[in-house]
file protein-v8.pdb (PDB, C-alpha atoms and all ligand atoms)
ATOM      1  CA  MET E   1       0.000   0.000   0.000
ATOM      2  CA  GLU E   2       1.646   3.223  -1.090
ATOM      3  CA  LEU E   3       1.330   6.518   0.708
ATOM      4  CA  THR E   4       1.539   9.648  -1.366
ATOM      5  CA  GLY E   5       1.983  13.334  -0.596
ATOM      6  CA  PRO E   6       2.234  15.238   2.665
ATOM      7  CA  PRO E   7      -0.502  15.349   5.271
ATOM      8  CA  ALA E   8      -3.402  17.625   4.407
ATOM      9  CA  PRO E   9      -3.125  20.937   6.277
ATOM     10  CA  GLY E  10      -4.723  20.564   9.641
ATOM     11  CA  ALA E  11      -5.204  16.854   9.240
ATOM     12  CA  ALA E  12      -4.387  14.818  12.300
ATOM     13  CA  VAL E  13      -3.117  11.896  10.327
ATOM     14  CA  ARG E  14      -3.058  10.704   6.795
ATOM     15  CA  ALA E  15      -4.338   7.367   5.690
ATOM     16  CA  GLY E  16      -2.836   5.326   2.952
ATOM     17  CA  ARG E  17      -4.894   4.146   0.055
ATOM     18  CA  GLY E  18      -7.178   1.229   0.370
ATOM     19  CA  ALA E  19      -9.828   0.208   2.774
ATOM     20  CA  ALA E  20      -8.742   0.486   6.368
ATOM     21  CA  PRO E  21     -10.330  -1.817   8.915
ATOM     22  CA  ARG E  22     -13.670  -0.470   9.978
ATOM     23  CA  PRO E  23     -14.595   0.412  13.536
ATOM     24  CA  GLU E  24     -17.047  -1.816  15.271
ATOM     25  CA  ARG E  25     -19.832   0.298  16.692
ATOM     26  CA  SER E  26     -21.311  -2.465  18.669
ATOM     27  CA  ALA E  27     -22.512  -3.734  21.955
ATOM     28  CA  ALA E  28     -18.871  -3.944  22.962
ATOM     29  CA  ILE E  29     -19.203  -0.306  23.970
ATOM     30  CA  ALA E  30     -21.906  -1.140  26.452
ATOM     31  CA  GLU E  31     -19.749  -3.742  28.114
ATOM     32  CA  ASN E  32     -16.913  -1.253  28.427
ATOM     33  CA  THR E  33     -17.615  -0.952  32.093
ATOM     34  CA  ALA E  34     -14.184  -1.121  33.640
ATOM     35  CA  GLY E  35     -14.459   1.854  35.918
ATOM     36  CA  GLN E  36     -16.543   3.852  33.526
ATOM     37  CA  PRO E  37     -20.002   5.169  34.135
ATOM     38  CA  ALA E  38     -22.166   4.642  31.080
ATOM     39  CA  GLU E  39     -22.570   8.373  30.558
ATOM     40  CA  ALA E  40     -20.986   8.939  27.188
ATOM     41  CA  PRO E  41     -23.406   7.679  24.577
ATOM     42  CA  ALA E  42     -22.230   5.915  21.477
ATOM     43  CA  GLY E  43     -22.799   8.282  18.586
ATOM     44  CA  ASP E  44     -22.048   8.784  14.965
ATOM     45  CA  GLY E  45     -19.064  10.747  13.757
ATOM     46  CA  PRO E  46     -15.412  10.578  14.634
ATOM     47  CA  VAL E  47     -14.218  10.128  18.180
ATOM     48  CA  GLY E  48     -11.669  12.740  19.227
ATOM     49  CA  ARG E  49     -12.632  16.366  19.595
ATOM     50  CA  VAL E  50      -9.071  17.739  19.594
ATOM     51  CA  LYS E  51      -7.926  15.581  16.687
ATOM     52  CA  PRO E  52     -10.105  12.853  15.222
ATOM     53  CA  CYS E  53      -9.038   9.291  15.876
ATOM     54  CA  ARG E  54      -8.852   7.039  12.867
ATOM     55  CA  LEU E  55      -7.476   3.849  11.446
ATOM     56  CA  ILE E  56      -4.493   4.243   9.169
ATOM     57  CA  ARG E  57      -3.442   1.760   6.546
ATOM     58  CA  LEU E  58       0.340   1.507   6.774
ATOM     59  CA  GLU E  59       2.738   1.439   3.902
ATOM     60  CA  GLN E  60       3.643  -2.202   3.321
ATOM     61  CA  HIS E  61       6.286  -3.911   1.242
ATOM     62  CA  ILE E  62       5.354  -7.491   0.532
ATOM     63  CA  ASP E  63       7.608  -9.893  -1.323
ATOM     64  CA  PRO E  64       8.506 -13.592  -1.137
ATOM     65  CA  ARG E  65      10.497 -12.916   2.044
ATOM     66  CA  GLY E  66       7.431 -11.671   3.871
ATOM     67  CA  SER E  67       6.059  -8.243   4.741
ATOM     68  CA  LEU E  68       7.609  -5.004   5.946
ATOM     69  CA  SER E  69       5.398  -2.251   7.344
ATOM     70  CA  VAL E  70       6.491   1.367   7.707
ATOM     71  CA  VAL E  71       5.559   4.276   9.971
ATOM     72  CA  GLU E  72       7.187   7.646   9.343
ATOM     73  CA  SER E  73       6.762  10.904  11.216
ATOM     74  CA  GLY E  74       5.352  13.578   8.949
ATOM     75  CA  MET E  75       3.983  10.989   6.563
ATOM     76  CA  THR E  76       2.065   8.212   8.248
ATOM     77  CA  VAL E  77       1.396  10.405  11.276
ATOM     78  CA  ASP E  78       1.963  14.123  11.630
ATOM     79  CA  PHE E  79       3.585  13.958  15.062
ATOM     80  CA  ALA E  80       7.245  13.353  15.795
ATOM     81  CA  ILE E  81       7.708   9.960  17.439
ATOM     82  CA  GLU E  82       9.577  10.429  20.728
ATOM     83  CA  ARG E  83       8.796   7.144  22.437
ATOM     84  CA  VAL E  84       8.066   3.557  21.542
ATOM     85  CA  TYR E  85       6.671   0.960  23.912
ATOM     86  CA  TYR E  86       4.833  -2.289  23.565
ATOM     87  CA  MET E  87       2.505  -4.352  25.675
ATOM     88  CA  HIS E  88       2.679  -8.122  25.651
ATOM     89  CA  GLY E  89       2.047 -11.063  27.925
ATOM     90  CA  GLN E  90      -1.689 -10.490  28.188
ATOM     91  CA  ALA E  91      -3.939 -13.521  28.515
ATOM     92  CA  ALA E  92      -7.555 -13.713  27.459
ATOM     93  CA  SER E  93      -8.472 -13.471  31.122
ATOM     94  CA  SER E  94      -6.207 -10.475  31.838
ATOM     95  CA  PRO E  95      -7.839  -7.282  33.091
ATOM     96  CA  PRO E  96      -8.229  -4.488  30.552
ATOM     97  CA  ARG E  97      -5.329  -2.129  29.907
ATOM     98  CA  GLY E  98      -5.397   1.566  29.275
ATOM     99  CA  LEU E  99      -8.270   3.006  31.291
ATOM    100  CA  HIS E 100      -6.773   6.441  30.966
ATOM    101  CA  GLY E 101      -6.726   9.511  28.772
ATOM    102  CA  HIS E 102      -3.992  11.953  27.844
ATOM    103  CA  ARG E 103      -4.049  15.705  27.898
ATOM    104  CA  THR E 104      -1.690  16.195  24.963
ATOM    105  CA  LEU E 105      -0.208  12.863  23.899
ATOM    106  CA  GLU E 106      -0.753  11.514  20.406
ATOM    107  CA  GLN E 107      -0.269   7.828  19.685
ATOM    108  CA  LEU E 108      -0.402   5.260  16.949
ATOM    109  CA  VAL E 109      -1.281   1.760  18.193
ATOM    110  CA  ILE E 110      -0.472  -1.286  16.083
ATOM    111  CA  ALA E 111      -1.254  -4.945  16.685
ATOM    112  CA  VAL E 112       2.088  -6.213  15.444
ATOM    113  CA  HIS E 113       1.037  -9.706  16.521
ATOM    114  CA  GLY E 114      -2.321 -11.119  17.534
ATOM    115  CA  GLY E 115      -5.203  -8.796  18.136
ATOM    116  CA  PHE E 116      -7.143  -6.796  20.702
ATOM    117  CA  SER E 117      -9.999  -4.337  20.965
ATOM    118  CA  ILE E 118      -9.717  -0.650  21.784
ATOM    119  CA  THR E 119     -12.689   1.401  22.881
ATOM    120  CA  LEU E 120     -12.266   5.162  22.476
ATOM    121  CA  ASP E 121     -14.359   7.742  24.299
ATOM    122  CA  ASP E 122     -14.113  11.534  23.917
ATOM    123  CA  GLY E 123     -16.807  12.315  26.448
ATOM    124  CA  PHE E 124     -19.522  12.461  23.817
ATOM    125  CA  ARG E 125     -18.900   9.553  21.492
ATOM    126  CA  ARG E 126     -17.463   6.070  21.756
ATOM    127  CA  ALA E 127     -16.189   3.663  19.148
ATOM    128  CA  THR E 128     -14.626   0.231  19.435
ATOM    129  CA  TYR E 129     -11.982  -0.947  17.010
ATOM    130  CA  ARG E 130     -10.577  -4.418  16.603
ATOM    131  CA  LEU E 131      -6.880  -4.284  15.712
ATOM    132  CA  ASP E 132      -5.673  -7.619  14.413
ATOM    133  CA  GLU E 133      -3.296  -7.004  11.549
ATOM    134  CA  PRO E 134       0.191  -5.480  11.513
ATOM    135  CA  GLY E 135      -0.533  -3.424   8.408
ATOM    136  CA  ALA E 136      -2.852  -0.968  10.153
ATOM    137  CA  GLY E 137      -2.600   1.409  13.093
ATOM    138  CA  LEU E 138      -5.101   3.314  15.197
ATOM    139  CA  TYR E 139      -4.326   7.004  15.703
ATOM    140  CA  ILE E 140      -5.446   8.262  19.124
ATOM    141  CA  GLY E 141      -5.288  11.995  19.731
ATOM    142  CA  PRO E 142      -5.434  14.044  22.928
ATOM    143  CA  MET E 143      -8.385  13.983  25.316
ATOM    144  CA  VAL E 144      -9.555  10.483  24.480
ATOM    145  CA  TRP E 145     -10.186   7.807  27.084
ATOM    146  CA  ARG E 146      -9.130   4.348  25.897
ATOM    147  CA  VAL E 147      -9.652   0.771  27.055
ATOM    148  CA  LEU E 148      -7.736  -2.168  25.568
ATOM    149  CA  LYS E 149      -9.071  -5.652  26.093
ATOM    150  CA  ASP E 150      -9.922  -9.014  24.528
ATOM    151  CA  PHE E 151      -6.308  -9.814  23.724
ATOM    152  CA  ALA E 152      -5.673 -12.822  21.517
ATOM    153  CA  PRO E 153      -2.908 -15.131  22.796
ATOM    154  CA  ASP E 154       0.643 -13.804  22.369
ATOM    155  CA  SER E 155      -0.544 -10.405  21.217
ATOM    156  CA  VAL E 156       1.882  -7.525  21.032
ATOM    157  CA  ALA E 157       0.497  -3.984  21.098
ATOM    158  CA  LEU E 158       3.069  -1.558  19.735
ATOM    159  CA  VAL E 159       2.575   2.106  20.639
ATOM    160  CA  LEU E 160       4.345   5.000  18.943
ATOM    161  CA  ALA E 161       3.975   8.142  21.032
ATOM    162  CA  SER E 162       4.550  11.833  20.468
ATOM    163  CA  ARG E 163       6.113  12.547  23.859
ATOM    164  CA  HIS E 164       8.228  11.003  26.548
ATOM    165  CA  TYR E 165       6.458   9.410  29.477
ATOM    166  CA  GLU E 166       4.913  12.060  31.730
ATOM    167  CA  GLU E 167       2.512  10.992  34.430
ATOM    168  CA  SER E 168       1.210  14.577  34.571
ATOM    169  CA  ASP E 169      -0.180  14.126  31.054
ATOM    170  CA  TYR E 170      -2.485  11.325  32.210
ATOM    171  CA  TYR E 171      -6.084  11.314  33.271
ATOM    172  CA  ARG E 172      -6.392   8.228  35.462
ATOM    173  CA  ASP E 173      -9.801   9.155  36.848
ATOM    174  CA  TYR E 174     -12.688   8.839  34.398
ATOM    175  CA  ASP E 175     -14.915  11.430  36.043
ATOM    176  CA  THR E 176     -12.137  14.029  35.919
ATOM    177  CA  PHE E 177     -11.502  13.160  32.301
ATOM    178  CA  LEU E 178     -15.176  13.402  31.473
ATOM    179  CA  ARG E 179     -15.523  16.799  33.123
ATOM    180  CA  ASP E 180     -12.564  18.233  31.210
ATOM    181  CA  ALA E 181     -13.382  16.513  27.928
ATOM    182  CA  ARG E 182     -16.907  17.833  27.978
ATOM    183  CA  SER E 183     -15.766  21.354  28.760
ATOM    184  CA  LEU E 184     -13.690  21.580  25.588
ATOM    185  CA  THR E 185     -15.013  24.271  23.320
TER     186      THR E 185
HETATM  187  P1  LIG E 201       0.124   1.943  32.572
HETATM  188  O1  LIG E 201      -0.057   3.391  32.209
HETATM  189  O2  LIG E 201      -0.601   1.455  33.776
HETATM  190  O3  LIG E 201      -0.264   1.019  31.356
HETATM  191  P2  LIG E 201      -1.600   1.086  30.483
HETATM  192  O4  LIG E 201      -1.191   1.612  29.144
HETATM  193  O5  LIG E 201      -2.138  -0.282  30.403
HETATM  194  O6  LIG E 201      -2.522   2.032  31.170
HETATM  195  O7  LIG E 201       1.668   1.668  32.727
HETATM  196  C1  LIG E 201       2.178   0.582  33.485
HETATM  197  C2  LIG E 201       3.412   1.051  34.211
HETATM  198  O8  LIG E 201       4.429   1.381  33.294
HETATM  199  C3  LIG E 201       3.157   2.282  35.058
HETATM  200  O9  LIG E 201       3.873   2.114  36.268
HETATM  201  C4  LIG E 201       3.778   3.406  34.266
HETATM  202  C5  LIG E 201       4.885   2.704  33.526
HETATM  203  N1  LIG E 201       5.229   3.304  32.222
HETATM  204  C6  LIG E 201       6.466   3.888  32.059
HETATM  205  O10 LIG E 201       7.282   3.959  32.999
HETATM  206  N2  LIG E 201       6.797   4.392  30.839
HETATM  207  C7  LIG E 201       5.945   4.361  29.798
HETATM  208  O11 LIG E 201       6.281   4.836  28.688
HETATM  209  C8  LIG E 201       4.645   3.770  29.985
HETATM  210  C9  LIG E 201       3.651   3.719  28.859
HETATM  211  C10 LIG E 201       4.339   3.259  31.215
END
call {"tool": "encode", "arguments": {"input": "protein-v8.pdb", "output": "structure tokens", "more": "lines below"}}
Ligand code: TYD
result
Amino acid sequence: MELTGPPAPGAAVRAGRGAAPRPERSAAIAENTAGQPAEAPAGDGPVGRVKPCRLIRLEQHIDPRGSLSVVESGMTVDFAIERVYYMHGQAASSPPRGLHGHRTLEQLVIAVHGGFSITLDDGFRRATYRLDEPGAGLYIGPMVWRVLKDFAPDSVALVLASRHYEESDYYRDYDTFLRDARSLT
């Protein structure tokens, strides 16, 4: 899948050509109860009021040796990547991960192996995505609560982040997040 041209002005991210995986707007949202009051209704439209969240089809190079997927700052995503981390070792019975929001952080999440679900919530809308292929990433902008769960065995969740780790950037309390997210103009 080839990416062409720079990001559109003001665009949070730029998708490659081709059909990206589609979000599941499903009952999974209703069961997203890990610490969250069911206040934010599922709605139509993009989640992410600061920058819209979206699935991005990554540039891939596929040949008889296998596949190579590429993420580049300023091309695949418009933020500079300052930190990389990955989550692994989850079992199907593991508690959800995430359960936080960020004030400013931007991220691209990739299921480099296995698969998992991510529910996003901007205080007004929710959407659940199933990431299960290494050729796609989910862009998550600022002021979005996220919950990761339903990990397939041996999954690896790779996260490319715009900033170094700063605990002060986190919302760990959903009610505080909701208050601030809903007060955004
Ligand atoms: P935590 O934020 O709880 O993970 P999750 O993404 O599932 O919410 O992070 C687990 C621990 O790792 C916590 O003590 C903070 C620490 N941590 C770092 O030190 N650096 C990092 O870049 C990240 C993402 C977490």
call {"tool": "atom_distance", "arguments": {"input": "protein-v8.pdb", "atom1": "CA of Ala181 in chain E", "atom2": "CA of Val47 in chain E"}}
result
11.7 Å
call {"tool": "residues_near_ligand", "arguments": {"input": "protein-v8.pdb", "ligand": "ligand LIG 201 (chain E)", "cutoff": "9 Å", "atoms": "only C-alpha atoms and all ligand atoms", "output": "PDB file with C-alpha atoms, keeping the file's coordinate frame"}}
result
ATOM      1  CA  ARG E  83       8.796   7.144  22.437  1.00  0.00           C
ATOM      2  CA  VAL E  84       8.066   3.557  21.542  1.00  0.00           C
ATOM      3  CA  TYR E  85       6.671   0.960  23.912  1.00  0.00           C
ATOM      4  CA  TYR E  86       4.833  -2.289  23.565  1.00  0.00           C
ATOM      5  CA  MET E  87       2.505  -4.352  25.675  1.00  0.00           C
ATOM      6  CA  PRO E  96      -8.229  -4.488  30.552  1.00  0.00           C
ATOM      7  CA  ARG E  97      -5.329  -2.129  29.907  1.00  0.00           C
ATOM      8  CA  GLY E  98      -5.397   1.566  29.275  1.00  0.00           C
ATOM      9  CA  LEU E  99      -8.270   3.006  31.291  1.00  0.00           C
ATOM     10  CA  HIS E 100      -6.773   6.441  30.966  1.00  0.00           C
ATOM     11  CA  GLY E 101      -6.726   9.511  28.772  1.00  0.00           C
ATOM     12  CA  ARG E 146      -9.130   4.348  25.897  1.00  0.00           C
ATOM     13  CA  VAL E 147      -9.652   0.771  27.055  1.00  0.00           C
ATOM     14  CA  LEU E 148      -7.736  -2.168  25.568  1.00  0.00           C
ATOM     15  CA  VAL E 159       2.575   2.106  20.639  1.00  0.00           C
ATOM     16  CA  ALA E 161       3.975   8.142  21.032  1.00  0.00           C
ATOM     17  CA  HIS E 164       8.228  11.003  26.548  1.00  0.00           C
ATOM     18  CA  TYR E 165       6.458   9.410  29.477  1.00  0.00           C
ATOM     19  CA  GLU E 166       4.913  12.060  31.730  1.00  0.00           C
ATOM     20  CA  GLU E 167       2.512  10.992  34.430  1.00  0.00           C
ATOM     21  CA  TYR E 170      -2.485  11.325  32.210  1.00  0.00           C
ATOM     22  CA  ARG E 172      -6.392   8.228  35.462  1.00  0.00           C
TER      23      ARG E 172
END
call {"tool": "closest_residue", "arguments": {"input": "protein-v8.pdb", "among": "E:Leu138, E:Val50, E:Ala111, E:Ile56", "to": "Leu158 in chain E", "atoms": "all atoms listed in the file"}}
result
E:Ala111
call {"tool": "residues_near_point", "arguments": {"input": "protein-v8.pdb", "point": "(-3.3, -7.2, 11.6)", "cutoff": "10 Å", "atoms": "all atoms listed in the file", "output": "ChimeraX atom specification"}}
result
/E:21,110-116,130-137
call {"tool": "atom_distance", "arguments": {"input": "protein-v8.pdb", "atom1": "CA of Pro142 in chain E", "atom2": "CA of Asp175 in chain E"}}
result
16.4 Å
call {"tool": "atom_distance", "arguments": {"input": "protein-v8.pdb", "atom1": "CA of Phe79 in chain E", "atom2": "CA of Glu106 in chain E"}}
result
7.3 Å
call {"tool": "axis_aligned_box", "arguments": {"input": "protein-v8.pdb", "around": "range 165-168 of chain E", "padding_each_side": "6 Å", "output": "JSON"}}
result
{"center_x": 3.8, "center_y": 12.0, "center_z": 32.0, "size_x": 17.2, "size_y": 17.2, "size_z": 17.1}
call {"tool": "residues_around", "arguments": {"input": "protein-v8.pdb", "residues": "Arg49 in chain E", "least_positions_apart": "4", "cutoff": "10 Å", "atoms": "only C-alpha atoms", "output": "list in words"}}
result
Cys53, Asp121, Asp122, Gly123, Phe124, Arg125, Gly141, Pro142, Met143, Val144, Ala181, Arg182, Leu184 and Thr185 of chain E
call {"tool": "decode", "arguments": {"input": "protein-v8.pdb", "residues": "range 74-168 of chain E", "atoms": "C-alpha atoms", "output": "mmCIF file, in the first residue's frame"}}
result
data_model
loop_
_atom_site.group_PDB
_atom_site.id
_atom_site.type_symbol
_atom_site.label_atom_id
_atom_site.label_comp_id
_atom_site.auth_asym_id
_atom_site.auth_seq_id
_atom_site.Cartn_x
_atom_site.Cartn_y
_atom_site.Cartn_z
ATOM 1 C CA GLY E 74 5.352 13.578 8.949
ATOM 2 C CA MET E 75 3.983 10.989 6.563
ATOM 3 C CA THR E 76 2.065 8.212 8.248
ATOM 4 C CA VAL E 77 1.396 10.405 11.276
ATOM 5 C CA ASP E 78 1.963 14.123 11.630
ATOM 6 C CA PHE E 79 3.585 13.958 15.062
ATOM 7 C CA ALA E 80 7.245 13.353 15.795
ATOM 8 C CA ILE E 81 7.708 9.960 17.439
ATOM 9 C CA GLU E 82 9.577 10.429 20.728
ATOM 10 C CA ARG E 83 8.796 7.144 22.437
ATOM 11 C CA VAL E 84 8.066 3.557 21.542
ATOM 12 C CA TYR E 85 6.671 0.960 23.912
ATOM 13 C CA TYR E 86 4.833 -2.289 23.565
ATOM 14 C CA MET E 87 2.505 -4.352 25.675
ATOM 15 C CA HIS E 88 2.679 -8.122 25.651
ATOM 16 C CA GLY E 89 2.047 -11.063 27.925
ATOM 17 C CA GLN E 90 -1.689 -10.490 28.188
ATOM 18 C CA ALA E 91 -3.939 -13.521 28.515
ATOM 19 C CA ALA E 92 -7.555 -13.713 27.459
ATOM 20 C CA SER E 93 -8.472 -13.471 31.122
ATOM 21 C CA SER E 94 -6.207 -10.475 31.838
ATOM 22 C CA PRO E 95 -7.839 -7.282 33.091
ATOM 23 C CA PRO E 96 -8.229 -4.488 30.552
ATOM 24 C CA ARG E 97 -5.329 -2.129 29.907
ATOM 25 C CA GLY E 98 -5.397 1.566 29.275
ATOM 26 C CA LEU E 99 -8.270 3.006 31.291
ATOM 27 C CA HIS E 100 -6.773 6.441 30.966
ATOM 28 C CA GLY E 101 -6.726 9.511 28.772
ATOM 29 C CA HIS E 102 -3.992 11.953 27.844
ATOM 30 C CA ARG E 103 -4.049 15.705 27.898
ATOM 31 C CA THR E 104 -1.690 16.195 24.963
ATOM 32 C CA LEU E 105 -0.208 12.863 23.899
ATOM 33 C CA GLU E 106 -0.753 11.514 20.406
ATOM 34 C CA GLN E 107 -0.269 7.828 19.685
ATOM 35 C CA LEU E 108 -0.402 5.260 16.949
ATOM 36 C CA VAL E 109 -1.281 1.760 18.193
ATOM 37 C CA ILE E 110 -0.472 -1.286 16.083
ATOM 38 C CA ALA E 111 -1.254 -4.945 16.685
ATOM 39 C CA VAL E 112 2.088 -6.213 15.444
ATOM 40 C CA HIS E 113 1.037 -9.706 16.521
ATOM 41 C CA GLY E 114 -2.321 -11.119 17.534
ATOM 42 C CA GLY E 115 -5.203 -8.796 18.136
ATOM 43 C CA PHE E 116 -7.143 -6.796 20.702
ATOM 44 C CA SER E 117 -9.999 -4.337 20.965
ATOM 45 C CA ILE E 118 -9.717 -0.650 21.784
ATOM 46 C CA THR E 119 -12.689 1.401 22.881
ATOM 47 C CA LEU E 120 -12.266 5.162 22.476
ATOM 48 C CA ASP E 121 -14.359 7.742 24.299
ATOM 49 C CA ASP E 122 -14.113 11.534 23.917
ATOM 50 C CA GLY E 123 -16.807 12.315 26.448
ATOM 51 C CA PHE E 124 -19.522 12.461 23.817
ATOM 52 C CA ARG E 125 -18.900 9.553 21.492
ATOM 53 C CA ARG E 126 -17.463 6.070 21.756
ATOM 54 C CA ALA E 127 -16.189 3.663 19.148
ATOM 55 C CA THR E 128 -14.626 0.231 19.435
ATOM 56 C CA TYR E 129 -11.982 -0.947 17.010
ATOM 57 C CA ARG E 130 -10.577 -4.418 16.603
ATOM 58 C CA LEU E 131 -6.880 -4.284 15.712
ATOM 59 C CA ASP E 132 -5.673 -7.619 14.413
ATOM 60 C CA GLU E 133 -3.296 -7.004 11.549
ATOM 61 C CA PRO E 134 0.191 -5.480 11.513
ATOM 62 C CA GLY E 135 -0.533 -3.424 8.408
ATOM 63 C CA ALA E 136 -2.852 -0.968 10.153
ATOM 64 C CA GLY E 137 -2.600 1.409 13.093
ATOM 65 C CA LEU E 138 -5.101 3.314 15.197
ATOM 66 C CA TYR E 139 -4.326 7.004 15.703
ATOM 67 C CA ILE E 140 -5.446 8.262 19.124
ATOM 68 C CA GLY E 141 -5.288 11.995 19.731
ATOM 69 C CA PRO E 142 -5.434 14.044 22.928
ATOM 70 C CA MET E 143 -8.385 13.983 25.316
ATOM 71 C CA VAL E 144 -9.555 10.483 24.480
ATOM 72 C CA TRP E 145 -10.186 7.807 27.084
ATOM 73 C CA ARG E 146 -9.130 4.348 25.897
ATOM 74 C CA VAL E 147 -9.652 0.771 27.055
ATOM 75 C CA LEU E 148 -7.736 -2.168 25.568
ATOM 76 C CA LYS E 149 -9.071 -5.652 26.093
ATOM 77 C CA ASP E 150 -9.922 -9.014 24.528
ATOM 78 C CA PHE E 151 -6.308 -9.814 23.724
ATOM 79 C CA ALA E 152 -5.673 -12.822 21.517
ATOM 80 C CA PRO E 153 -2.908 -15.131 22.796
ATOM 81 C CA ASP E 154 0.643 -13.804 22.369
ATOM 82 C CA SER E 155 -0.544 -10.405 21.217
ATOM 83 C CA VAL E 156 1.882 -7.525 21.032
ATOM 84 C CA ALA E 157 0.497 -3.984 21.098
ATOM 85 C CA LEU E 158 3.069 -1.558 19.735
ATOM 86 C CA VAL E 159 2.575 2.106 20.639
ATOM 87 C CA LEU E 160 4.345 5.000 18.943
ATOM 88 C CA ALA E 161 3.975 8.142 21.032
ATOM 89 C CA SER E 162 4.550 11.833 20.468
ATOM 90 C CA ARG E 163 6.113 12.547 23.859
ATOM 91 C CA HIS E 164 8.228 11.003 26.548
ATOM 92 C CA TYR E 165 6.458 9.410 29.477
ATOM 93 C CA GLU E 166 4.913 12.060 31.730
ATOM 94 C CA GLU E 167 2.512 10.992 34.430
ATOM 95 C CA SER E 168 1.210 14.577 34.571
#
